[in-house]
$ cat start.txt   # compact mmCIF, C-alpha atoms and all ligand atoms
# COMPACT_ATOMS: atom_id res chain seq x y z
CA MET S 240 -60.84 -111.78 129.56
CA ASP S 241 -59.84 -109.24 126.92
CA ASN S 242 -58.31 -110.18 123.54
CA GLN S 243 -54.76 -109.66 124.69
CA GLU S 244 -55.24 -111.90 127.72
CA GLN S 245 -56.93 -114.57 125.59
CA LEU S 246 -54.03 -114.46 123.14
CA GLN S 247 -51.50 -114.87 125.94
CA ARG S 248 -53.51 -117.77 127.40
CA SER S 249 -53.73 -119.48 123.98
CA LYS S 250 -49.97 -119.09 123.58
CA GLU S 251 -49.32 -120.76 126.94
CA ILE S 252 -51.75 -123.63 126.29
CA VAL S 253 -50.43 -124.35 122.79
CA SER S 254 -46.83 -124.18 123.90
CA ASP S 255 -47.51 -126.55 126.86
CA LEU S 256 -49.42 -128.88 124.55
CA ILE S 257 -46.49 -129.11 122.14
CA GLU S 258 -44.08 -129.69 125.01
CA ALA S 259 -46.35 -132.42 126.48
CA ILE S 260 -46.40 -134.24 123.13
CA ARG S 261 -42.63 -133.92 122.77
CA GLU S 262 -42.23 -135.39 126.24
CA VAL S 263 -44.28 -138.46 125.27
CA LEU S 264 -42.20 -138.88 122.09
CA ARG S 265 -38.98 -138.80 124.17
CA GLN S 266 -40.38 -141.05 126.90
CA HIS S 267 -41.17 -143.78 124.37
CA ASN S 268 -38.21 -143.18 122.04
CA VAL S 269 -40.69 -142.87 119.17
CA THR S 270 -39.08 -143.73 115.83
CA TYR S 271 -39.48 -141.80 112.58
CA GLU S 272 -41.63 -144.67 111.16
CA GLU S 273 -43.92 -144.51 114.20
CA TYR S 274 -44.14 -140.73 113.91
CA ARG S 275 -45.16 -141.10 110.25
CA ALA S 276 -47.77 -143.73 111.16
CA GLY S 277 -49.32 -141.29 113.66
CA PHE S 278 -49.13 -138.57 111.05
CA ARG S 279 -51.01 -140.76 108.52
CA HIS S 280 -53.60 -141.63 111.17
CA LEU S 281 -54.37 -137.94 111.73
CA ILE S 282 -54.78 -137.44 107.98
CA GLU S 283 -57.12 -140.46 107.87
CA LEU S 284 -59.21 -138.96 110.70
CA ALA S 285 -59.56 -135.71 108.80
CA GLU S 286 -60.34 -137.42 105.49
CA ALA S 287 -63.03 -139.54 107.18
CA HIS S 288 -64.46 -136.35 108.77
CA GLU S 289 -63.91 -137.95 112.16
CA THR S 290 -61.93 -135.09 113.73
CA PRO S 291 -64.91 -133.82 115.80
CA LEU S 292 -65.74 -137.38 116.81
CA VAL S 293 -62.26 -138.29 118.03
CA LEU S 294 -61.90 -135.00 119.94
CA ASP S 295 -65.30 -135.38 121.62
CA CYS S 296 -64.54 -139.01 122.38
CA PHE S 297 -61.31 -138.37 124.27
CA PHE S 298 -61.39 -134.76 125.50
CA ASN S 299 -64.93 -133.35 125.83
CA GLN S 300 -65.59 -134.95 129.24
CA THR S 301 -62.25 -133.64 130.56
CA ILE S 302 -63.43 -130.09 129.81
CA CYS S 303 -66.71 -130.83 131.64
CA ASP S 304 -64.75 -132.13 134.65
CA ILE S 305 -62.68 -128.93 134.68
CA GLU S 306 -65.92 -126.89 134.61
CA MET S 307 -67.16 -128.80 137.65
CA GLN S 308 -64.19 -127.61 139.73
CA THR S 309 -65.83 -124.19 139.90
CA ARG S 310 -69.52 -125.13 139.74
CA GLN S 311 -71.89 -126.14 142.49
CA GLY S 312 -74.86 -126.97 140.29
CA SER S 313 -75.68 -130.04 138.20
CA ARG S 314 -72.94 -131.97 136.50
CA SER S 315 -71.82 -130.88 133.09
CA ASN S 316 -71.49 -133.76 130.62
CA VAL S 317 -70.32 -134.22 127.03
CA GLU S 318 -72.24 -132.39 124.34
CA GLY S 319 -70.88 -134.68 121.64
CA PRO S 320 -70.97 -133.93 117.92
CA TYR S 321 -74.73 -134.29 117.34
CA PHE S 322 -76.21 -131.07 118.76
CA LEU S 323 -77.93 -128.96 116.08
CA GLU S 324 -79.22 -125.40 116.29
CA GLY S 325 -82.79 -124.80 115.19
CA ALA S 326 -84.75 -127.57 116.90
CA PRO S 327 -88.48 -126.72 117.11
CA LEU S 328 -89.97 -125.17 120.23
CA VAL S 329 -92.39 -127.72 121.68
CA THR S 330 -94.91 -127.50 124.50
CA ASP S 331 -95.52 -131.07 125.55
CA THR S 332 -94.32 -133.52 122.89
CA ILE S 333 -91.14 -134.10 120.93
CA LYS S 334 -92.00 -135.74 117.62
CA VAL S 335 -90.76 -139.29 117.28
CA ARG S 336 -91.30 -141.97 114.67
CA GLY S 337 -90.58 -145.65 114.13
CA ASN S 338 -90.75 -148.34 116.75
CA THR S 339 -90.16 -146.27 119.88
CA GLU S 340 -91.11 -146.66 123.53
CA PRO S 341 -92.67 -143.46 124.96
CA LEU S 342 -90.82 -141.65 127.74
CA LEU S 343 -92.13 -138.74 129.76
CA ILE S 344 -89.36 -136.39 130.87
CA ARG S 345 -90.28 -134.35 133.93
CA CYS S 346 -87.84 -131.75 135.11
CA GLN S 347 -87.52 -129.21 137.88
CA VAL S 348 -84.90 -126.49 137.40
CA ARG S 349 -83.63 -124.53 140.41
CA ASP S 350 -80.82 -122.17 141.29
CA ILE S 351 -78.09 -123.07 143.79
CA HIS S 352 -80.27 -121.66 146.62
CA GLY S 353 -83.17 -123.94 145.73
CA GLN S 354 -85.31 -121.29 144.02
CA PRO S 355 -87.20 -122.46 140.89
CA ILE S 356 -86.06 -120.79 137.63
CA PRO S 357 -88.83 -119.96 135.14
CA ASP S 358 -88.29 -119.53 131.37
CA VAL S 359 -85.23 -121.74 131.08
CA LEU S 360 -84.87 -122.76 127.45
CA THR S 361 -83.84 -126.40 127.22
CA ASP S 362 -82.67 -128.17 124.10
CA ILE S 363 -83.32 -131.90 124.25
CA TRP S 364 -81.99 -134.35 121.68
CA PHE S 365 -81.74 -138.14 121.55
CA ALA S 366 -81.27 -141.06 119.19
CA ASP S 367 -84.12 -142.92 117.47
CA SER S 368 -84.79 -146.66 117.59
CA ASN S 369 -81.91 -147.27 115.16
CA GLY S 370 -79.49 -145.25 117.27
CA ASP S 371 -79.49 -142.38 114.73
CA TYR S 372 -79.82 -138.61 115.30
CA SER S 373 -82.13 -136.52 113.15
CA GLY S 374 -80.98 -133.66 110.97
CA TYR S 375 -78.23 -135.45 109.09
CA SER S 376 -80.23 -136.56 106.04
CA GLU S 377 -83.12 -135.09 104.11
CA ASP S 378 -85.46 -137.92 105.00
CA PHE S 379 -84.81 -137.51 108.72
CA PRO S 380 -85.58 -133.84 109.48
CA ILE S 381 -84.66 -131.95 112.62
CA GLU S 382 -88.31 -131.84 113.78
CA TYR S 383 -87.92 -135.41 115.02
CA PHE S 384 -86.16 -136.50 118.21
CA ARG S 385 -85.21 -132.89 119.04
CA GLY S 386 -87.02 -130.06 120.73
CA LYS S 387 -86.72 -126.93 122.82
CA VAL S 388 -88.88 -126.61 125.93
CA LEU S 389 -89.38 -123.75 128.37
CA THR S 390 -89.76 -124.11 132.12
CA ASP S 391 -93.01 -122.72 133.58
CA GLN S 392 -93.36 -120.27 136.49
CA ASP S 393 -92.44 -123.09 138.92
CA GLY S 394 -89.26 -123.90 137.00
CA LYS S 395 -90.76 -127.11 135.62
CA TYR S 396 -91.30 -128.72 132.26
CA ALA S 397 -92.76 -132.05 131.21
CA VAL S 398 -92.35 -133.36 127.70
CA LEU S 399 -93.09 -136.64 126.01
CA GLY S 400 -90.31 -138.20 123.94
CA SER S 401 -89.01 -141.73 123.64
CA ILE S 402 -86.43 -144.04 125.14
CA PRO S 403 -83.35 -143.74 122.92
CA LYS S 404 -81.37 -146.67 121.64
CA GLU S 405 -77.71 -147.22 122.44
CA TYR S 406 -75.55 -146.57 119.39
CA PRO S 407 -72.01 -147.07 118.10
CA MET S 408 -69.77 -144.01 118.45
CA THR S 409 -68.79 -144.49 114.86
CA SER S 410 -70.56 -146.32 112.05
CA ASN S 411 -67.11 -147.44 110.88
CA GLU S 412 -66.03 -149.74 113.71
CA HIS S 413 -62.53 -150.24 112.29
CA GLY S 414 -62.16 -146.66 111.01
CA PRO S 415 -59.67 -144.14 112.38
CA THR S 416 -61.61 -143.47 115.62
CA GLY S 417 -62.84 -147.03 116.06
CA SER S 418 -59.33 -148.40 115.70
CA ILE S 419 -58.04 -146.14 118.49
CA ILE S 420 -60.81 -147.34 120.81
CA GLU S 421 -59.98 -150.93 119.84
CA LEU S 422 -56.26 -150.37 120.40
CA LEU S 423 -56.97 -149.10 123.92
CA GLY S 424 -59.07 -152.20 124.67
CA GLY S 425 -62.38 -150.35 124.74
CA GLN S 426 -65.62 -150.90 122.90
CA GLY S 427 -67.52 -148.44 120.74
CA MET S 428 -71.12 -148.49 121.95
CA ARG S 429 -72.46 -145.54 123.95
CA PRO S 430 -75.07 -146.48 126.55
CA LYS S 431 -78.62 -145.12 126.08
CA HIS S 432 -78.68 -141.43 126.86
CA ILE S 433 -80.57 -138.18 126.34
CA HIS S 434 -78.82 -134.86 125.79
CA PHE S 435 -79.87 -131.60 127.44
CA LYS S 436 -78.65 -128.03 127.04
CA TYR S 437 -80.10 -125.49 129.51
CA ASN S 438 -79.92 -121.77 128.77
CA LYS S 439 -81.17 -118.83 130.77
CA GLU S 440 -79.82 -115.32 131.03
CA ALA S 441 -77.79 -114.68 134.20
CA TYR S 442 -77.07 -118.42 134.62
CA ALA S 443 -74.16 -120.47 133.36
CA PRO S 444 -75.32 -122.59 130.40
CA LEU S 445 -75.43 -126.27 131.29
CA THR S 446 -74.91 -129.06 128.79
CA THR S 447 -75.47 -132.50 130.22
CA GLN S 448 -76.91 -135.95 129.65
CA ALA S 449 -79.16 -138.45 131.41
CA TYR S 450 -78.40 -142.19 131.47
CA PHE S 451 -80.68 -145.06 132.50
CA SER S 452 -79.99 -147.45 135.38
CA GLY S 453 -79.50 -151.04 134.31
CA SER S 454 -78.88 -150.30 130.64
CA GLU S 455 -76.09 -151.88 128.65
CA TYR S 456 -72.59 -150.33 128.28
CA LEU S 457 -72.85 -148.05 131.35
CA ASP S 458 -69.55 -149.49 132.58
CA ALA S 459 -67.84 -149.37 129.20
CA ASP S 460 -68.73 -145.99 127.73
CA PRO S 461 -66.09 -145.12 125.10
CA VAL S 462 -66.49 -141.45 126.06
CA GLU S 463 -66.08 -142.18 129.81
CA ALA S 464 -68.95 -139.82 130.61
CA VAL S 465 -71.28 -141.97 132.74
CA PHE S 466 -71.67 -140.79 136.36
CA ASP S 467 -73.94 -142.12 139.11
CA ASP S 468 -75.59 -138.72 139.59
CA LEU S 469 -76.57 -138.68 135.92
CA THR S 470 -77.89 -142.25 135.90
CA HIS S 471 -81.61 -142.48 136.61
CA GLU S 472 -84.06 -145.19 137.55
CA LEU S 473 -87.12 -144.86 135.32
CA LYS S 474 -90.51 -144.75 137.08
CA ASP S 475 -93.49 -146.64 135.79
CA GLU S 476 -96.68 -144.56 135.91
CA ASN S 477 -99.58 -146.70 134.68
CA GLY S 478 -97.35 -148.30 132.04
CA LEU S 479 -95.66 -145.05 131.00
CA ALA S 480 -91.90 -144.76 131.60
CA VAL S 481 -91.04 -141.51 133.39
CA LEU S 482 -87.65 -139.86 133.79
CA GLU S 483 -87.56 -137.37 136.64
CA LEU S 484 -84.78 -134.81 136.69
CA ASP S 485 -83.72 -132.22 139.25
CA VAL S 486 -81.42 -129.69 137.68
CA VAL S 487 -79.48 -126.94 139.42
CA LEU S 488 -78.06 -124.06 137.36
CA ASP S 489 -75.05 -122.08 138.52
CA PRO S 490 -75.09 -118.30 138.30
CA ALA S 491 -73.25 -116.82 135.31
CA GLU S 492 -69.64 -115.93 136.06
C1 LIG N 1 -72.84 -138.35 122.11
O1 LIG N 1 -73.20 -138.51 123.25
O2 LIG N 1 -73.67 -138.12 121.24
C2 LIG N 1 -71.38 -138.42 121.79
C3 LIG N 1 -70.47 -137.90 122.69
C4 LIG N 1 -69.12 -137.96 122.38
C5 LIG N 1 -68.70 -138.55 121.22
C6 LIG N 1 -69.64 -139.09 120.33
C7 LIG N 1 -70.99 -139.03 120.62
FE FE N 2 -75.47 -138.87 121.98

$ encode --input "start.txt" --output "structure tokens"
Amino acid sequence: MDNQEQLQRSKEIVSDLIEAIREVLRQHNVTYEEYRAGFRHLIELAEAHETPLVLDCFFNQTICDIEMQTRQGSRSNVEGPYFLEGAPLVTDTIKVRGNTEPLLIRCQVRDIHGQPIPDVLTDIWFADSNGDYSGYSEDFPIEYFRGKVLTDQDGKYAVLGSIPKEYPMTSNEHGPTGSIIELLGGQGMRPKHIHFKYNKEAYAPLTTQAYFSGSEYLDADPVEAVFDDLTHELKDENGLAVLELDVVLDPAE
């Protein structure tokens, strides 16, 4: 798409978005006081730096679902606001610390014809035993709980990490995002999950997650991003928990 086409597309999307909001205002006969309350809520979201959070909470998975209409490969799933560039390249172990339970992640990456794909660079990131992501404070550097791995000649990688903890979407349960979730009758805890971002030239990048069978909050994810094909039964190999993944990358458009 050239610049001109992108501009035209943006114009159509923004104009439809405004019209869709106006339609909701008319449908509910929204009063000026209610409009101002919504207005103040948006300002509160921005002041609390929760704009990325609220957008990822309600709209990120919708974009992934749209992507899946034209993909045949593995399911795209929310990236969320906690991806960071610059995670260390690791061969077999992602550094963890604290009271964690080891988890071996074993993955086979193939193309849509079943051929293994070597040299796929995969970012992996997950929460620690407090439900926190690294890289957001000086005493919790990016070297922990994040890593990049490369698939071998058979399209495989195996890396040791840890089982993440479930965590609240927002540390401020009654803050501007939390209060929307509460208003809608939801709850704020995300089920345990690991994030993955697969990149390889000539293939469509894939951002996805893995969830764990039997864990809490699978049926009540505030982000509505849990799918059966992303929910995995862990294997027990001589006392070590193992997550086995089969990933299929689509060709680049
Ligand atoms: C996450 O999985 O990290 C996430 C996704 C959407 C909103 C907040 C967090
Ligand atoms: Fe997450």

$ closest_residue --input "start.txt" --among "S:His434, S:Lys334, S:Lys395, S:Arg275" --to "Pro320 of chain S" --atoms "all atoms listed in the file"
S:His434

$ residues_near_ligand --input "start.txt" --ligand "ligand LIG 1 (chain N)" --cutoff "7 Å" --atoms "all atoms listed in the file" --output "ChimeraX atom specification"
/S:292,295-296,317-321,408,462

$ atom_distance --input "start.txt" --atom1 "atom CA of Ala287 of chain S" --atom2 "atom CA of Pro461 of chain S"
19.0 Å

$ closest_residue --input "start.txt" --among "S:Arg314, S:Arg336, S:Arg349, S:Arg248" --to "Tyr442 of chain S" --atoms "only C-alpha atoms"
S:Arg349

$ residues_near_ligand --input "start.txt" --ligand "ligand FE 2 (chain N)" --cutoff "10 Å" --atoms "only C-alpha atoms and all ligand atoms" --output "NGL selection string"
:S and (317-322 or 364-366 or 370-372 or 403-408 or 429-434 or 448)

$ residues_around --input "start.txt" --residues "Gly325 of chain S" --least-positions-apart "6" --cutoff "9 Å" --atoms "all atoms listed in the file" --output "list in words"
Ile381, Gly386 and Lys387 of chain S

$ residues_near_point --input "start.txt" --point "(-46.7, -142.6, 117.8)" --cutoff "12 Å" --atoms "only C-alpha atoms" --output "JSON, numbers by chain"
{"S": [260, 261, 262, 263, 264, 265, 266, 267, 268, 269, 270, 271, 272, 273, 274, 275, 276, 277, 278, 279, 280, 281, 419]}

$ atom_distance --input "start.txt" --atom1 "atom CA of Val388 of chain S" --atom2 "atom CA of Leu328 of chain S"
6.0 Å

$ atom_distance --input "start.txt" --atom1 "atom CA of Ala480 of chain S" --atom2 "atom CA of Asp367 of chain S"
16.2 Å

$ closest_residue --input "start.txt" --among "S:Leu422, S:Leu256, S:Ala449, S:Ile356" --to "Lys436 of chain S" --atoms "only C-alpha atoms"
S:Ala449
